[in-house]
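Next comes query.pdb, with PDB, C-alpha atoms.
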ATOM      1  CA  MET G 405     108.251 116.880  90.756
ATOM      2  CA  LYS G 406     105.197 118.117  88.888
ATOM      3  CA  ASN G 407     105.557 121.283  86.867
ATOM      4  CA  THR G 408     103.751 123.488  84.393
ATOM      5  CA  LEU G 409     106.692 123.844  82.044
ATOM      6  CA  ARG G 410     104.980 122.251  79.054
ATOM      7  CA  ASP G 411     101.942 124.535  79.392
ATOM      8  CA  LEU G 412     104.104 127.623  79.844
ATOM      9  CA  ARG G 413     106.177 126.706  76.808
ATOM     10  CA  ALA G 414     103.090 125.964  74.709
ATOM     11  CA  GLY G 415     101.639 129.294  75.806
ATOM     12  CA  ARG G 416     104.504 131.030  74.080
ATOM     13  CA  GLY G 417     104.313 128.783  71.042
ATOM     14  CA  TRP G 418     107.827 127.481  71.627
ATOM     15  CA  SER G 419     109.193 124.074  70.723
ATOM     16  CA  GLN G 420     111.319 122.162  73.214
ATOM     17  CA  GLY G 421     114.334 123.223  71.168
ATOM     18  CA  ASP G 422     113.366 126.905  71.455
ATOM     19  CA  LEU G 423     113.072 126.628  75.227
ATOM     20  CA  ALA G 424     116.349 124.698  75.412
ATOM     21  CA  ASP G 425     118.098 127.465  73.475
ATOM     22  CA  ALA G 426     116.596 130.134  75.710
ATOM     23  CA  LEU G 427     117.844 128.305  78.811
ATOM     24  CA  GLY G 428     121.192 127.260  77.320
ATOM     25  CA  VAL G 429     120.505 123.564  77.941
ATOM     26  CA  SER G 430     119.920 120.510  75.743
ATOM     27  CA  ARG G 431     116.506 119.628  74.312
ATOM     28  CA  GLN G 432     116.759 116.344  76.200
ATOM     29  CA  SER G 433     117.006 118.371  79.413
ATOM     30  CA  VAL G 434     113.782 120.194  78.606
ATOM     31  CA  ASN G 435     112.068 116.907  77.805
ATOM     32  CA  ALA G 436     113.285 115.331  81.063
ATOM     33  CA  LEU G 437     112.094 118.363  83.016
ATOM     34  CA  GLU G 438     108.679 118.425  81.362
ATOM     35  CA  THR G 439     108.076 114.733  81.926
ATOM     36  CA  GLY G 440     109.165 115.007  85.564
ATOM     37  CA  LYS G 441     112.078 112.620  85.062
ATOM     38  CA  TYR G 442     114.561 115.237  86.221
ATOM     39  CA  ASP G 443     114.270 117.882  88.926
ATOM     40  CA  PRO G 444     116.289 121.015  88.170
ATOM     41  CA  SER G 445     118.873 122.581  90.451
ATOM     42  CA  LEU G 446     117.843 125.765  92.215
ATOM     43  CA  PRO G 447     119.761 128.036  89.777
ATOM     44  CA  LEU G 448     118.071 126.378  86.774
ATOM     45  CA  ALA G 449     114.665 126.531  88.460
ATOM     46  CA  PHE G 450     115.184 130.272  89.008
ATOM     47  CA  ARG G 451     116.221 130.709  85.362
ATOM     48  CA  ILE G 452     113.093 128.894  84.185
ATOM     49  CA  ALA G 453     110.807 130.886  86.482
ATOM     50  CA  ARG G 454     112.348 134.203  85.444
ATOM     51  CA  LEU G 455     112.132 133.311  81.760
ATOM     52  CA  PHE G 456     108.364 132.928  82.129
ATOM     53  CA  ASP G 457     108.102 135.795  84.615
ATOM     54  CA  ARG G 458     106.755 133.507  87.353
ATOM     55  CA  ARG G 459     107.731 132.433  90.852
ATOM     56  CA  ILE G 460     109.407 129.036  91.222
ATOM     57  CA  GLU G 461     106.396 127.635  93.095
ATOM     58  CA  ASP G 462     104.160 128.699  90.202
ATOM     59  CA  VAL G 463     106.198 126.485  87.876
ATOM     60  CA  PHE G 464     107.171 123.593  90.155
ATOM     61  CA  ASP G 465     104.999 121.725  92.641
ATOM     62  CA  ASP G 466     106.767 119.547  95.220
ATOM     63  CA  GLY G 467     103.437 118.225  96.511
ATOM     64  CA  PHE G 468     103.569 120.068  99.826
ATOM     65  CA  ALA G 469     101.026 122.730 100.627
ATOM     66  CA  ALA G 470     102.371 126.088 101.812
ATOM     67  CA  GLY G 471     103.009 126.084 105.566
ATOM     68  CA  THR G 472     103.063 122.277 105.803
ATOM     69  CA  LEU G 473     106.546 122.129 107.293
ATOM     70  CA  ALA G 474     105.896 125.024 109.693
ATOM     71  CA  ALA G 475     102.849 123.210 111.121
ATOM     72  CA  GLU G 476     104.860 120.029 111.851
TER      73      GLU G 476
ATOM     74  CA  MET J 538     122.276 132.336  81.403
ATOM     75  CA  PRO J 539     125.238 130.061  82.144
ATOM     76  CA  GLU J 540     128.728 131.248  81.089
ATOM     77  CA  ILE J 541     128.753 128.692  78.292
ATOM     78  CA  THR J 542     125.703 127.008  76.779
ATOM     79  CA  PHE J 543     125.186 123.320  76.154
ATOM     80  CA  LYS J 544     125.679 123.805  72.419
ATOM     81  CA  GLN J 545     128.911 125.772  72.867
ATOM     82  CA  ALA J 546     130.279 123.149  75.276
ATOM     83  CA  ASN J 547     129.450 120.341  72.840
ATOM     84  CA  ARG J 548     130.974 122.243  69.937
ATOM     85  CA  ARG J 549     134.187 122.871  71.936
ATOM     86  CA  TYR J 550     134.368 119.173  72.804
ATOM     87  CA  ARG J 551     133.822 117.930  69.254
ATOM     88  CA  ARG J 552     136.236 120.482  67.776
ATOM     89  CA  MET J 553     139.037 118.969  69.876
ATOM     90  CA  PHE J 554     137.885 115.347  70.158
ATOM     91  CA  TRP J 555     138.032 114.295  66.507
ATOM     92  CA  PRO J 556     141.456 115.826  65.743
ATOM     93  CA  VAL J 557     142.838 114.169  68.888
ATOM     94  CA  ILE J 558     141.418 110.791  67.816
ATOM     95  CA  GLY J 559     142.923 111.380  64.352
ATOM     96  CA  VAL J 560     146.355 112.064  65.870
ATOM     97  CA  TYR J 561     145.979 109.003  68.117
ATOM     98  CA  THR J 562     145.169 106.747  65.153
ATOM     99  CA  ALA J 563     148.048 108.188  63.124
ATOM    100  CA  ILE J 564     150.578 107.699  65.952
ATOM    101  CA  CYS J 565     149.339 104.164  66.652
ATOM    102  CA  PHE J 566     150.032 103.175  63.049
ATOM    103  CA  ALA J 567     153.019 105.387  62.250
ATOM    104  CA  GLY J 568     154.896 104.856  65.542
ATOM    105  CA  PRO J 569     155.520 101.097  65.245
ATOM    106  CA  LEU J 570     156.149 101.395  61.497
ATOM    107  CA  TYR J 571     158.787 104.045  62.124
ATOM    108  CA  LEU J 572     160.472 101.990  64.848
ATOM    109  CA  LYS J 573     160.611  99.008  62.486
ATOM    110  CA  THR J 574     162.680 101.039  60.032
ATOM    111  CA  LEU J 575     165.439 101.360  62.634
ATOM    112  CA  ALA J 576     167.796  98.446  63.247
ATOM    113  CA  GLU J 577     168.221  99.177  66.954
ATOM    114  CA  PRO J 578     166.057 102.082  68.064
ATOM    115  CA  PRO J 579     167.362 103.744  71.225
ATOM    116  CA  GLN J 580     165.341 103.205  74.383
ATOM    117  CA  TRP J 581     164.478 106.878  74.704
ATOM    118  CA  LEU J 582     162.958 106.843  71.206
ATOM    119  CA  VAL J 583     160.888 103.722  71.924
ATOM    120  CA  ALA J 584     159.709 105.289  75.163
ATOM    121  CA  GLY J 585     158.915 108.507  73.313
ATOM    122  CA  VAL J 586     156.776 106.695  70.734
ATOM    123  CA  ALA J 587     154.979 104.816  73.533
ATOM    124  CA  LEU J 588     154.274 108.028  75.457
ATOM    125  CA  ALA J 589     153.206 109.829  72.276
ATOM    126  CA  SER J 590     150.713 106.996  71.618
ATOM    127  CA  ALA J 591     149.270 107.330  75.118
ATOM    128  CA  ALA J 592     149.187 111.140  75.236
ATOM    129  CA  PRO J 593     146.024 111.568  73.092
ATOM    130  CA  LEU J 594     144.153 109.182  75.404
ATOM    131  CA  VAL J 595     145.062 111.323  78.409
ATOM    132  CA  LEU J 596     143.943 114.383  76.445
ATOM    133  CA  VAL J 597     140.565 112.755  75.681
ATOM    134  CA  PHE J 598     139.986 112.216  79.412
ATOM    135  CA  TRP J 599     140.793 115.870  80.024
ATOM    136  CA  LEU J 600     138.345 116.866  77.258
ATOM    137  CA  MET J 601     135.676 114.715  78.899
ATOM    138  CA  SER J 602     136.239 116.355  82.270
ATOM    139  CA  ARG J 603     135.978 119.800  80.662
ATOM    140  CA  LEU J 604     132.765 118.790  78.902
ATOM    141  CA  LEU J 605     131.331 117.621  82.220
ATOM    142  CA  ARG J 606     132.147 120.991  83.801
ATOM    143  CA  GLU J 607     130.699 123.003  80.924
ATOM    144  CA  THR J 608     127.645 121.073  79.772
ATOM    145  CA  ASP J 609     124.152 121.467  81.220
ATOM    146  CA  GLU J 610     123.278 119.821  84.510
ATOM    147  CA  TYR J 611     120.990 117.100  83.112
ATOM    148  CA  THR J 612     123.570 115.961  80.559
ATOM    149  CA  ARG J 613     126.239 116.125  83.278
ATOM    150  CA  ALA J 614     124.147 113.850  85.499
ATOM    151  CA  MET J 615     123.517 111.384  82.651
ATOM    152  CA  GLN J 616     127.163 111.378  81.565
ATOM    153  CA  THR J 617     128.475 111.018  85.116
ATOM    154  CA  GLN J 618     126.204 108.049  85.825
ATOM    155  CA  ALA J 619     127.279 106.410  82.563
ATOM    156  CA  MET J 620     130.974 107.028  83.303
ATOM    157  CA  LEU J 621     130.628 105.574  86.791
ATOM    158  CA  ALA J 622     128.818 102.503  85.469
ATOM    159  CA  GLY J 623     131.252 102.102  82.562
ATOM    160  CA  GLY J 624     134.261 102.657  84.821
ATOM    161  CA  GLY J 625     132.897 100.233  87.395
ATOM    162  CA  ALA J 626     132.269  97.554  84.774
ATOM    163  CA  THR J 627     135.749  98.011  83.284
ATOM    164  CA  LEU J 628     137.542  97.937  86.633
ATOM    165  CA  SER J 629     135.499  94.914  87.731
ATOM    166  CA  PHE J 630     136.521  93.144  84.550
ATOM    167  CA  ALA J 631     140.145  94.186  85.117
ATOM    168  CA  GLY J 632     140.038  92.885  88.686
ATOM    169  CA  VAL J 633     138.552  89.528  87.718
ATOM    170  CA  TRP J 634     140.900  89.150  84.751
ATOM    171  CA  GLY J 635     143.888  90.195  86.868
ATOM    172  CA  PHE J 636     143.317  87.436  89.406
ATOM    173  CA  LEU J 637     142.648  84.869  86.689
ATOM    174  CA  GLU J 638     145.882  85.976  85.033
ATOM    175  CA  LEU J 639     147.749  85.777  88.347
ATOM    176  CA  PHE J 640     146.713  82.130  88.680
ATOM    177  CA  GLU J 641     147.603  81.543  85.018
ATOM    178  CA  VAL J 642     144.061  80.670  83.971
ATOM    179  CA  VAL J 643     143.896  83.314  81.232
ATOM    180  CA  PRO J 644     146.592  84.904  79.029
ATOM    181  CA  HIS J 645     148.124  88.313  79.696
ATOM    182  CA  LEU J 646     145.977  91.327  78.797
ATOM    183  CA  TRP J 647     147.652  94.587  77.875
ATOM    184  CA  PRO J 648     146.330  97.219  80.298
ATOM    185  CA  PHE J 649     145.922  99.877  77.594
ATOM    186  CA  LEU J 650     143.117  97.756  76.140
ATOM    187  CA  LEU J 651     141.078  98.758  79.197
ATOM    188  CA  VAL J 652     140.763 102.263  77.742
ATOM    189  CA  PRO J 653     138.689 101.289  74.661
ATOM    190  CA  MET J 654     136.877  98.805  76.906
ATOM    191  CA  PHE J 655     135.894 101.666  79.216
ATOM    192  CA  PHE J 656     134.709 103.794  76.293
ATOM    193  CA  PHE J 657     132.636 100.914  74.959
ATOM    194  CA  ALA J 658     131.018 100.247  78.363
ATOM    195  CA  TYR J 659     130.472 103.960  79.019
ATOM    196  CA  GLY J 660     128.935 104.474  75.563
ATOM    197  CA  ALA J 661     126.674 101.443  75.910
ATOM    198  CA  VAL J 662     125.412 102.570  79.327
ATOM    199  CA  TYR J 663     124.878 106.135  78.100
ATOM    200  CA  CYS J 664     122.905 104.978  75.039
ATOM    201  CA  ALA J 665     120.804 102.629  77.185
ATOM    202  CA  ARG J 666     119.999 105.450  79.621
ATOM    203  CA  ARG J 667     119.121 107.809  76.791
ATOM    204  CA  LEU J 668     116.790 105.195  75.299
ATOM    205  CA  ARG J 669     115.171 104.549  78.676
ATOM    206  CA  ALA J 670     114.755 108.266  79.355
ATOM    207  CA  GLY J 671     113.172 108.610  75.905
ATOM    208  CA  SER J 672     114.295 111.275  73.529
ATOM    209  CA  GLY J 673     110.819 112.834  73.599
ATOM    210  CA  ALA J 674     109.069 114.378  70.660
ATOM    211  CA  ALA J 675     109.949 117.988  69.897
ATOM    212  CA  ARG J 676     106.491 119.346  70.429
TER     213      ARG J 676
END
Re-express the file's structure as structure tokens.
Amino acid sequence: MKNTLRDLRAGRGWSQGDLADALGVSRQSVNALETGKYDPSLPLAFRIARLFDRRIEDVFDDGFAAGTLAAE
Amino acid sequence: MPEITFKQANRRYRRMFWPVIGVYTAICFAGPLYLKTLAEPPQWLVAGVALASAAPLVLVFWLMSRLLRETDEYTRAMQTQAMLAGGGATLSFAGVWGFLELFEVVPHLWPFLLVPMFFFAYGAVYCARRLRAGSGAAR
């Protein structure tokens, strides 16, 4: 899943380690999230979004446009 | 924030893991040496030394299960996959060896040797997955 985590982190001038500490996860987790190799659980996605004061869909993009499923 | 962070979980694991391995090593060496000093050690004592040798291994598995519960979700996923692969490889080996042993093709293998075999397979798979995932530069 695409995400804006790297940009959001860079915007605050944080290293991956800083973000990992803020989230209580490993630096490898942050790296895997940023590179799209790992999709977070819903609780972690909420934690990330709240940390940057954003909505989940502002941070993560699942590739579906809003309303796509409703139209099907 | 989770109840316990990744760093705290790792610290808790390491704080217990190394002393347990130290006790295990000590018992493995001291147990047989002690039994050799006795002319005819009673069966209960031999059994006690055997169980004391195995106890730290059981404790390590409990520590691993606690680490899996407490660590972050990405590490948990990586560790679980590595444990499944390592466990599968070890049990496959045990199954193949067991049948070969049954038909007297290979010599007897002590089952407790499967424990270090599992840890070796699990560690190798985990390292390979970490390398493939890439550690990533701390930008």
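If you take all atoms listed in the file and a cut-off of 8 Å, the residues of chain G that reach chain J are Ser419, Gln420, Gly421, Leu427, Gly428, Val429, Ser430, Gln432, Ser433, Asn435, Ala436, Lys441, Tyr442, Pro444, Ser445 and Arg451 of chain G.
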Enumerate, as a PyMOL selection string, the residues matched when the PyMOL selection byres ((chain G and resi 455-459) around 10) is run on the file above.
chain G and resi 409+412-413+415-416+423+426-427+449-454+460-464
Residues returned when the PyMOL selection byres ((chain J and resi 620) around 9) runs on this file, as a list in words:
Met615, Gln616, Thr617, Gln618, Ala619, Leu621, Ala622, Gly623, Gly624, Gly625, Phe655, Phe656, Ala658, Tyr659, Gly660, Val662 and Tyr663 of chain J
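Note that the spacing between atom CA of Gly467 of chain G and atom CA of Leu446 of chain G amounts to 16.8 Å.
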From the options J:Trp647, J:Cys565, J:Trp555, J:Glu641, which residue's atoms come nearest to Ala591 of chain J, counting only C-alpha atoms?
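Checking each of J:Trp647, J:Cys565, J:Trp555, J:Glu641 against Ala591 of chain J, counting only C-alpha atoms, the winner is J:Cys565.
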Distance atom CA of Leu628 of chain J-atom CA of Leu651 of chain J, one decimal place?
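One can read the atom CA of Leu628 of chain J to atom CA of Leu651 of chain J distance as 8.3 Å.
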Can you work out the spacing between atom CA of Arg548 of chain J and atom CA of Ala567 of chain J in Å, to one decimal?
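About the pair atom CA of Arg548 of chain J and atom CA of Ala567 of chain J: they are 28.8 Å apart.
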Once you add 3 Å to each side, what are the centre and edge lengths of the axis-aligned box holding all listed atoms of segment 583-587 of chain J? One decimal in Å, as lines of an AutoDock Vina configuration file, if you can.
center_x = 157.9
center_y = 106.1
center_z = 72.9
size_x = 11.9
size_y = 10.8
size_z = 10.4
The residues within 12 Å of (134.3, 119.5, 71.8), using only C-alpha atoms and the coordinates of the file, should be reported as a ChimeraX atom specification; which are they?
/J:543-558,596-605,607-608
Could you rebuild segment 428-441 of chain G with N, CA and C atoms and give it back as a tab-separated table (two decimals), in the frame of the given file?
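Generated file (result-v8.tsv):
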chain	number	residue	atom	x	y	z
G	428	GLY	N	119.80	127.68	77.50
G	428	GLY	CA	121.19	127.26	77.32
G	428	GLY	C	121.42	125.82	77.73
G	429	VAL	N	120.37	124.99	77.60
G	429	VAL	CA	120.50	123.56	77.94
G	429	VAL	C	120.14	122.72	76.72
G	430	SER	N	120.25	121.40	76.86
G	430	SER	CA	119.92	120.51	75.74
G	430	SER	C	118.40	120.31	75.66
G	431	ARG	N	117.93	119.91	74.47
G	431	ARG	CA	116.51	119.63	74.31
G	431	ARG	C	116.11	118.44	75.17
G	432	GLN	N	117.03	117.50	75.34
G	432	GLN	CA	116.76	116.34	76.20
G	432	GLN	C	116.52	116.79	77.64
G	433	SER	N	117.21	117.85	78.05
G	433	SER	CA	117.01	118.37	79.41
G	433	SER	C	115.59	118.88	79.57
G	434	VAL	N	115.14	119.65	78.56
G	434	VAL	CA	113.78	120.19	78.61
G	434	VAL	C	112.76	119.06	78.65
G	435	ASN	N	112.98	118.05	77.83
G	435	ASN	CA	112.07	116.91	77.81
G	435	ASN	C	112.04	116.20	79.17
G	436	ALA	N	113.22	116.01	79.76
G	436	ALA	CA	113.28	115.33	81.06
G	436	ALA	C	112.61	116.17	82.14
G	437	LEU	N	112.75	117.48	82.04
G	437	LEU	CA	112.09	118.36	83.02
G	437	LEU	C	110.58	118.30	82.85
G	438	GLU	N	110.12	118.41	81.62
G	438	GLU	CA	108.68	118.42	81.36
G	438	GLU	C	107.99	117.13	81.78
G	439	THR	N	108.68	116.03	81.59
G	439	THR	CA	108.08	114.73	81.93
G	439	THR	C	108.30	114.36	83.40
G	440	GLY	N	108.95	115.25	84.14
G	440	GLY	CA	109.16	115.01	85.56
G	440	GLY	C	110.22	113.96	85.86
G	441	LYS	N	111.04	113.63	84.84
G	441	LYS	CA	112.08	112.62	85.06
G	441	LYS	C	113.32	113.24	85.69
